[in-house]
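Printed here is protein18.pdb (PDB, C-alpha atoms, pLDDT in the B column):
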MODEL        1
ATOM      1  CA  MET A   1     -12.761  -8.686   4.982  1.00 89.00           C
ATOM      2  CA  PRO A   2     -13.101 -10.100   1.483  1.00 91.00           C
ATOM      3  CA  GLN A   3     -13.157 -13.866   1.153  1.00 91.00           C
ATOM      4  CA  GLY A   4      -9.751 -15.198   0.132  1.00 88.00           C
ATOM      5  CA  TRP A   5      -7.674 -12.945   2.408  1.00 89.00           C
ATOM      6  CA  VAL A   6      -7.618 -15.054   5.575  1.00 91.00           C
ATOM      7  CA  GLN A   7      -8.148 -18.769   6.100  1.00 92.00           C
ATOM      8  CA  ASN A   8      -9.003 -20.517   9.377  1.00 92.00           C
ATOM      9  CA  ARG A   9      -5.954 -22.409  10.660  1.00 88.00           C
ATOM     10  CA  GLU A  10      -8.061 -25.249  12.071  1.00 90.00           C
ATOM     11  CA  ASP A  11     -10.411 -26.165   9.237  1.00 91.00           C
ATOM     12  CA  GLY A  12      -9.327 -24.092   6.209  1.00 90.00           C
ATOM     13  CA  SER A  13     -12.620 -22.205   5.999  1.00 93.00           C
ATOM     14  CA  PRO A  14     -12.526 -18.562   4.899  1.00 94.00           C
ATOM     15  CA  ILE A  15     -12.598 -15.867   7.578  1.00 95.00           C
ATOM     16  CA  THR A  16     -14.360 -12.650   6.614  1.00 95.00           C
ATOM     17  CA  ASP A  17     -14.995 -11.235  10.104  1.00 95.00           C
ATOM     18  CA  PRO A  18     -12.001  -9.044  11.088  1.00 91.00           C
ATOM     19  CA  ARG A  19     -12.696  -9.761  14.773  1.00 91.00           C
ATOM     20  CA  ARG A  20     -11.714 -13.389  14.094  1.00 92.00           C
ATOM     21  CA  ILE A  21      -8.422 -12.596  12.340  1.00 88.00           C
ATOM     22  CA  ASN A  22      -6.329 -14.193  15.089  1.00 86.00           C
ATOM     23  CA  GLU A  23      -7.981 -17.556  14.287  1.00 89.00           C
ATOM     24  CA  GLY A  24      -6.519 -17.550  10.806  1.00 89.00           C
ATOM     25  CA  THR A  25      -3.590 -17.019   8.535  1.00 85.00           C
ATOM     26  CA  TYR A  26      -3.218 -14.651   5.606  1.00 84.00           C
ATOM     27  CA  LEU A  27      -3.329 -16.183   2.158  1.00 84.00           C
ATOM     28  CA  PRO A  28      -0.844 -15.006  -0.461  1.00 79.00           C
ATOM     29  CA  MET A  29      -2.021 -12.766  -3.269  1.00 81.00           C
ATOM     30  CA  GLY A  30      -1.585 -14.146  -6.753  1.00 80.00           C
ATOM     31  CA  GLY A  31      -1.842 -17.872  -6.023  1.00 77.00           C
ATOM     32  CA  TYR A  32       1.336 -19.958  -6.255  1.00 77.00           C
ATOM     33  CA  LYS A  33       3.276 -17.219  -8.065  1.00 85.00           C
ATOM     34  CA  GLY A  34       2.334 -14.676  -5.406  1.00 83.00           C
ATOM     35  CA  SER A  35       3.271 -17.189  -2.731  1.00 83.00           C
ATOM     36  CA  GLY A  36       6.693 -17.764  -4.294  1.00 89.00           C
ATOM     37  CA  LEU A  37       7.287 -14.046  -4.689  1.00 89.00           C
ATOM     38  CA  SER A  38       6.296 -13.371  -1.075  1.00 86.00           C
ATOM     39  CA  ILE A  39       8.716 -16.059   0.143  1.00 90.00           C
ATOM     40  CA  VAL A  40      11.602 -14.541  -1.829  1.00 92.00           C
ATOM     41  CA  ILE A  41      10.811 -11.013  -0.628  1.00 91.00           C
ATOM     42  CA  GLY A  42      10.356 -12.287   2.944  1.00 91.00           C
ATOM     43  CA  LEU A  43      13.749 -13.984   2.870  1.00 93.00           C
ATOM     44  CA  LEU A  44      15.398 -10.844   1.499  1.00 94.00           C
ATOM     45  CA  ALA A  45      13.678  -8.603   4.081  1.00 92.00           C
ATOM     46  CA  GLY A  46      14.182 -11.045   6.959  1.00 93.00           C
ATOM     47  CA  PRO A  47      17.191 -13.384   7.238  1.00 94.00           C
ATOM     48  CA  LEU A  48      19.314 -11.354   4.805  1.00 93.00           C
ATOM     49  CA  ASN A  49      19.410  -8.497   7.310  1.00 89.00           C
ATOM     50  CA  GLY A  50      18.871 -10.374  10.566  1.00 92.00           C
ATOM     51  CA  ALA A  51      15.136  -9.679  10.921  1.00 92.00           C
ATOM     52  CA  ALA A  52      12.309 -12.089  11.682  1.00 90.00           C
ATOM     53  CA  PHE A  53      10.797 -14.298   8.970  1.00 90.00           C
ATOM     54  CA  GLY A  54       8.233 -17.094   8.850  1.00 85.00           C
ATOM     55  CA  ARG A  55       7.364 -18.597  12.227  1.00 81.00           C
ATOM     56  CA  ASP A  56       9.770 -16.161  13.909  1.00 86.00           C
ATOM     57  CA  ILE A  57       7.456 -13.246  13.122  1.00 81.00           C
ATOM     58  CA  ARG A  58       5.511 -12.101  16.147  1.00 75.00           C
ATOM     59  CA  ASP A  59       1.749 -12.125  15.620  1.00 68.00           C
ATOM     60  CA  PHE A  60       0.877  -8.632  14.427  1.00 64.00           C
ATOM     61  CA  ALA A  61      -2.624  -9.010  15.895  1.00 62.00           C
ATOM     62  CA  ALA A  62      -1.208  -9.656  19.392  1.00 65.00           C
ATOM     63  CA  PRO A  63      -1.031  -6.892  21.989  1.00 67.00           C
ATOM     64  CA  PRO A  64       1.857  -4.505  21.236  1.00 69.00           C
ATOM     65  CA  ASP A  65       4.508  -5.525  23.761  1.00 73.00           C
ATOM     66  CA  GLY A  66       8.162  -5.775  22.839  1.00 72.00           C
ATOM     67  CA  GLU A  67       9.981  -5.377  19.557  1.00 76.00           C
ATOM     68  CA  LEU A  68       8.608  -6.712  16.294  1.00 77.00           C
ATOM     69  CA  ASN A  69      12.025  -7.176  14.601  1.00 83.00           C
ATOM     70  CA  VAL A  70      10.567  -6.095  11.270  1.00 82.00           C
ATOM     71  CA  GLY A  71      12.972  -6.212   8.338  1.00 87.00           C
ATOM     72  CA  GLN A  72      13.119  -4.146   5.190  1.00 89.00           C
ATOM     73  CA  PHE A  73      14.553  -4.852   1.782  1.00 91.00           C
ATOM     74  CA  VAL A  74      15.402  -2.005  -0.556  1.00 92.00           C
ATOM     75  CA  ILE A  75      17.023  -2.404  -3.925  1.00 92.00           C
ATOM     76  CA  ALA A  76      18.432   0.311  -6.160  1.00 95.00           C
ATOM     77  CA  LEU A  77      19.159  -0.483  -9.776  1.00 95.00           C
ATOM     78  CA  ASP A  78      21.172   1.576 -12.217  1.00 97.00           C
ATOM     79  CA  VAL A  79      18.985   1.160 -15.292  1.00 97.00           C
ATOM     80  CA  ALA A  80      21.784   2.479 -17.509  1.00 98.00           C
ATOM     81  CA  ARG A  81      23.835  -0.652 -16.728  1.00 97.00           C
ATOM     82  CA  PHE A  82      21.153  -2.754 -18.421  1.00 97.00           C
ATOM     83  CA  VAL A  83      19.626  -0.575 -21.122  1.00 98.00           C
ATOM     84  CA  PRO A  84      19.765   3.115 -22.067  1.00 98.00           C
ATOM     85  CA  PRO A  85      17.366   4.996 -19.738  1.00 97.00           C
ATOM     86  CA  ASP A  86      15.408   6.572 -22.606  1.00 98.00           C
ATOM     87  CA  VAL A  87      14.820   3.116 -24.126  1.00 98.00           C
ATOM     88  CA  PHE A  88      13.651   1.778 -20.770  1.00 98.00           C
ATOM     89  CA  LYS A  89      11.357   4.787 -20.217  1.00 97.00           C
ATOM     90  CA  ALA A  90       9.838   4.337 -23.674  1.00 98.00           C
ATOM     91  CA  GLU A  91       9.170   0.651 -22.925  1.00 98.00           C
ATOM     92  CA  VAL A  92       7.619   1.441 -19.533  1.00 94.00           C
ATOM     93  CA  ASP A  93       5.417   4.124 -21.114  1.00 93.00           C
ATOM     94  CA  ARG A  94       4.333   1.721 -23.883  1.00 96.00           C
ATOM     95  CA  HIS A  95       3.383  -1.016 -21.436  1.00 94.00           C
ATOM     96  CA  ILE A  96       1.479   1.435 -19.222  1.00 91.00           C
ATOM     97  CA  ARG A  97      -0.440   2.729 -22.259  1.00 91.00           C
ATOM     98  CA  GLU A  98      -1.253  -0.837 -23.317  1.00 93.00           C
ATOM     99  CA  LEU A  99      -2.397  -1.760 -19.827  1.00 90.00           C
ATOM    100  CA  ALA A 100      -4.538   1.377 -19.460  1.00 88.00           C
ATOM    101  CA  SER A 101      -6.172   0.796 -22.859  1.00 89.00           C
ATOM    102  CA  SER A 102      -6.986  -2.868 -22.179  1.00 89.00           C
ATOM    103  CA  GLN A 103     -10.561  -4.093 -22.330  1.00 88.00           C
ATOM    104  CA  ARG A 104     -12.302  -3.108 -19.122  1.00 86.00           C
ATOM    105  CA  LEU A 105     -14.356  -5.429 -16.963  1.00 80.00           C
ATOM    106  CA  PRO A 106     -18.094  -4.833 -16.825  1.00 84.00           C
ATOM    107  CA  GLY A 107     -18.938  -2.007 -14.440  1.00 85.00           C
ATOM    108  CA  SER A 108     -15.487  -0.442 -14.670  1.00 82.00           C
ATOM    109  CA  ASP A 109     -15.134   2.872 -16.482  1.00 84.00           C
ATOM    110  CA  GLU A 110     -11.339   3.065 -16.460  1.00 83.00           C
ATOM    111  CA  ILE A 111      -8.173   1.122 -15.758  1.00 85.00           C
ATOM    112  CA  ARG A 112      -5.997   3.030 -13.352  1.00 81.00           C
ATOM    113  CA  VAL A 113      -2.280   2.533 -12.921  1.00 82.00           C
ATOM    114  CA  PRO A 114      -0.060   4.151 -10.294  1.00 79.00           C
ATOM    115  CA  GLY A 115       0.249   7.866 -11.062  1.00 80.00           C
ATOM    116  CA  THR A 116      -3.023   8.066 -12.990  1.00 79.00           C
ATOM    117  CA  GLY A 117      -4.607  11.400 -12.268  1.00 83.00           C
ATOM    118  CA  ARG A 118      -1.676  12.655 -10.216  1.00 87.00           C
ATOM    119  CA  ALA A 119      -0.979  15.746 -12.341  1.00 82.00           C
ATOM    120  CA  ALA A 120      -4.649  16.776 -12.430  1.00 85.00           C
ATOM    121  CA  ARG A 121      -5.008  16.212  -8.662  1.00 92.00           C
ATOM    122  CA  ARG A 122      -1.890  18.266  -8.004  1.00 93.00           C
ATOM    123  CA  ARG A 123      -3.160  21.184 -10.127  1.00 92.00           C
ATOM    124  CA  GLU A 124      -6.541  21.026  -8.405  1.00 94.00           C
ATOM    125  CA  ARG A 125      -4.978  20.983  -4.929  1.00 94.00           C
ATOM    126  CA  GLU A 126      -2.536  23.775  -5.725  1.00 94.00           C
ATOM    127  CA  LYS A 127      -5.506  25.858  -6.805  1.00 94.00           C
ATOM    128  CA  ASN A 128      -8.043  24.845  -4.111  1.00 90.00           C
ATOM    129  CA  GLY A 129      -5.940  23.351  -1.319  1.00 88.00           C
ATOM    130  CA  VAL A 130      -5.856  19.861   0.130  1.00 90.00           C
ATOM    131  CA  PRO A 131      -9.323  18.646   1.157  1.00 91.00           C
ATOM    132  CA  LEU A 132      -9.633  17.818   4.843  1.00 91.00           C
ATOM    133  CA  PRO A 133     -12.375  15.845   6.590  1.00 93.00           C
ATOM    134  CA  ALA A 134     -14.629  18.120   8.658  1.00 92.00           C
ATOM    135  CA  THR A 135     -13.544  16.501  11.938  1.00 94.00           C
ATOM    136  CA  LEU A 136      -9.846  17.059  11.168  1.00 94.00           C
ATOM    137  CA  LEU A 137     -10.501  20.661  10.118  1.00 93.00           C
ATOM    138  CA  ALA A 138     -12.369  21.266  13.398  1.00 94.00           C
ATOM    139  CA  GLN A 139      -9.464  19.799  15.395  1.00 95.00           C
ATOM    140  CA  ALA A 140      -6.921  21.917  13.512  1.00 94.00           C
ATOM    141  CA  ASP A 141      -9.059  25.012  14.096  1.00 94.00           C
ATOM    142  CA  GLU A 142      -9.167  24.278  17.852  1.00 95.00           C
ATOM    143  CA  VAL A 143      -5.373  23.998  17.965  1.00 96.00           C
ATOM    144  CA  ALA A 144      -5.056  27.211  15.935  1.00 94.00           C
ATOM    145  CA  LYS A 145      -7.387  29.069  18.324  1.00 94.00           C
ATOM    146  CA  SER A 146      -5.421  27.835  21.349  1.00 96.00           C
ATOM    147  CA  LEU A 147      -2.261  29.260  19.749  1.00 96.00           C
ATOM    148  CA  ASN A 148      -3.897  32.531  18.661  1.00 95.00           C
ATOM    149  CA  VAL A 149      -3.390  31.610  15.028  1.00 94.00           C
ATOM    150  CA  THR A 150      -5.989  32.192  12.321  1.00 93.00           C
ATOM    151  CA  PRO A 151      -7.997  28.962  11.964  1.00 93.00           C
ATOM    152  CA  LEU A 152      -7.802  27.150   8.632  1.00 88.00           C
ATOM    153  CA  SER A 153     -11.544  27.493   8.100  1.00 88.00           C
ATOM    154  CA  ALA A 154     -11.227  31.296   8.312  1.00 88.00           C
ATOM    155  CA  ARG A 155      -8.537  31.521   5.646  1.00 77.00           C
ATOM    156  CA  ALA A 156      -9.424  32.318   2.065  1.00 61.00           C
TER     157      ALA A 156
ENDMDL
END
Represent the structure contained in this file as structure tokens.
Amino acid sequence: MPQGWVQNREDGSPITDPRRINEGTYLPMGGYKGSGLSIVIGLLAGPLNGAAFGRDIRDFAAPPDGELNVGQFVIALDVARFVPPDVFKAEVDRHIRELASSQRLPGSDEIRVPGTGRAARRREREKNGVPLPATLLAQADEVAKSLNVTPLSARA
């Protein structure tokens, strides 16, 4: 695990060995702002709907026995109640363009944002199919054979 993800509960030292994860606690992303944001989201996803939060959360690394009482928080906003949708879309598009055209860090050839490459990937997969790992393809072919169905690897 990268340094900065998990900290030892006893002495505060970083934990990078995933086998030692139960000795530590996750650190928030984004420093104090990330910590504040995670608290707000945790409170909305937990106590607001009766789910676990904070010390009430069962250790996810513990053996899976019993319910986890995991909460969810979903919010739906009607953009039109704040700003005309086309104005909002134009602003989102502008900010995405600005972000994607920012100065890149050394060793980085592009700045990707969610959705980058999606259209090209979709065209490629519609034309050539969805790539499957060899082991998964072999398993699917075995199931197909057992059902007297043409295996995926035999299809053009």
Margin query: Just checking: using all atoms listed in the file, which residue out of A:Gly12, A:Gly117, A:Gly24, A:Gly71 ends up closest to Phe53 (chain A)?
Written below: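 Using all atoms listed in the file, the shortest distance to Phe53 (chain A) belongs to A:Gly71.
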Checklist line | Ref. answer, residues at most 6 Å from (-17.2, -8.5, 3.8) with all atoms listed in the file, as a PyMOL selection string | finding: chain A and resi 1-2+16
Notebook entry, point to check: Out of A:Ile111, A:Ala45, A:Ala154, A:Ile39, which residue has the shortest atom-to-atom distance to Val74 (chain A) when counting all atoms listed in the file?
Noted result: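 Closest candidate: A:Ala45.
The coordinates place CA of Glu142 (chain A) at 28.8 Å from CA of Arg123 (chain A).
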Next item on the list: Rank nothing, just name the residue among A:Pro28, A:Leu152, A:Pro114, A:Ala51 nearest to Ala134 (chain A), using all atoms listed in the file.
Entry: A:Leu152
Next item on the list: Measure the distance from CA of Gly115 (chain A) to CA of Ala90 (chain A) in Å and round it to one decimal.
Entry: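 Separating CA of Gly115 (chain A) from CA of Ala90 (chain A) is a distance of 16.2 Å.
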Margin query: Once the PyMOL selection byres ((chain A and resi 49) around 12) is applied to the coordinates I shared, what remains selected? I want it as JSON, numbers by chain.
Written below: {"A": [41, 42, 43, 44, 45, 46, 47, 48, 50, 51, 52, 53, 69, 70, 71, 72, 73, 74]}
Next item on the list: List every protein, DNA or RNA residue with an atom no more than 9 Å from (-8.9, 28.0, 13.1) in the file's coordinates, counting only C-alpha atoms, and format the result as a count of residues only.
Entry: 18
Check: For Thr116 (chain A), which residue among A:Arg97, A:Arg58, A:Arg19, A:Arg104 is the nearest when counting all atoms listed in the file?
Finding: A:Arg97
Can you list what the PyMOL selection byres ((chain A and resi 17) around 12) grabs from this structure, as a compact mmCIF listing (two decimals) with C-alpha atoms, in the coordinates of the input?
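The resulting file, selection-v6.txt, is reproduced below:
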# COMPACT_ATOMS: atom_id res chain seq x y z
CA MET A 1 -12.76 -8.69 4.98
CA PRO A 2 -13.10 -10.10 1.48
CA GLN A 3 -13.16 -13.87 1.15
CA GLY A 4 -9.75 -15.20 0.13
CA TRP A 5 -7.67 -12.94 2.41
CA VAL A 6 -7.62 -15.05 5.58
CA GLN A 7 -8.15 -18.77 6.10
CA ASN A 8 -9.00 -20.52 9.38
CA SER A 13 -12.62 -22.20 6.00
CA PRO A 14 -12.53 -18.56 4.90
CA ILE A 15 -12.60 -15.87 7.58
CA THR A 16 -14.36 -12.65 6.61
CA PRO A 18 -12.00 -9.04 11.09
CA ARG A 19 -12.70 -9.76 14.77
CA ARG A 20 -11.71 -13.39 14.09
CA ILE A 21 -8.42 -12.60 12.34
CA ASN A 22 -6.33 -14.19 15.09
CA GLU A 23 -7.98 -17.56 14.29
CA GLY A 24 -6.52 -17.55 10.81
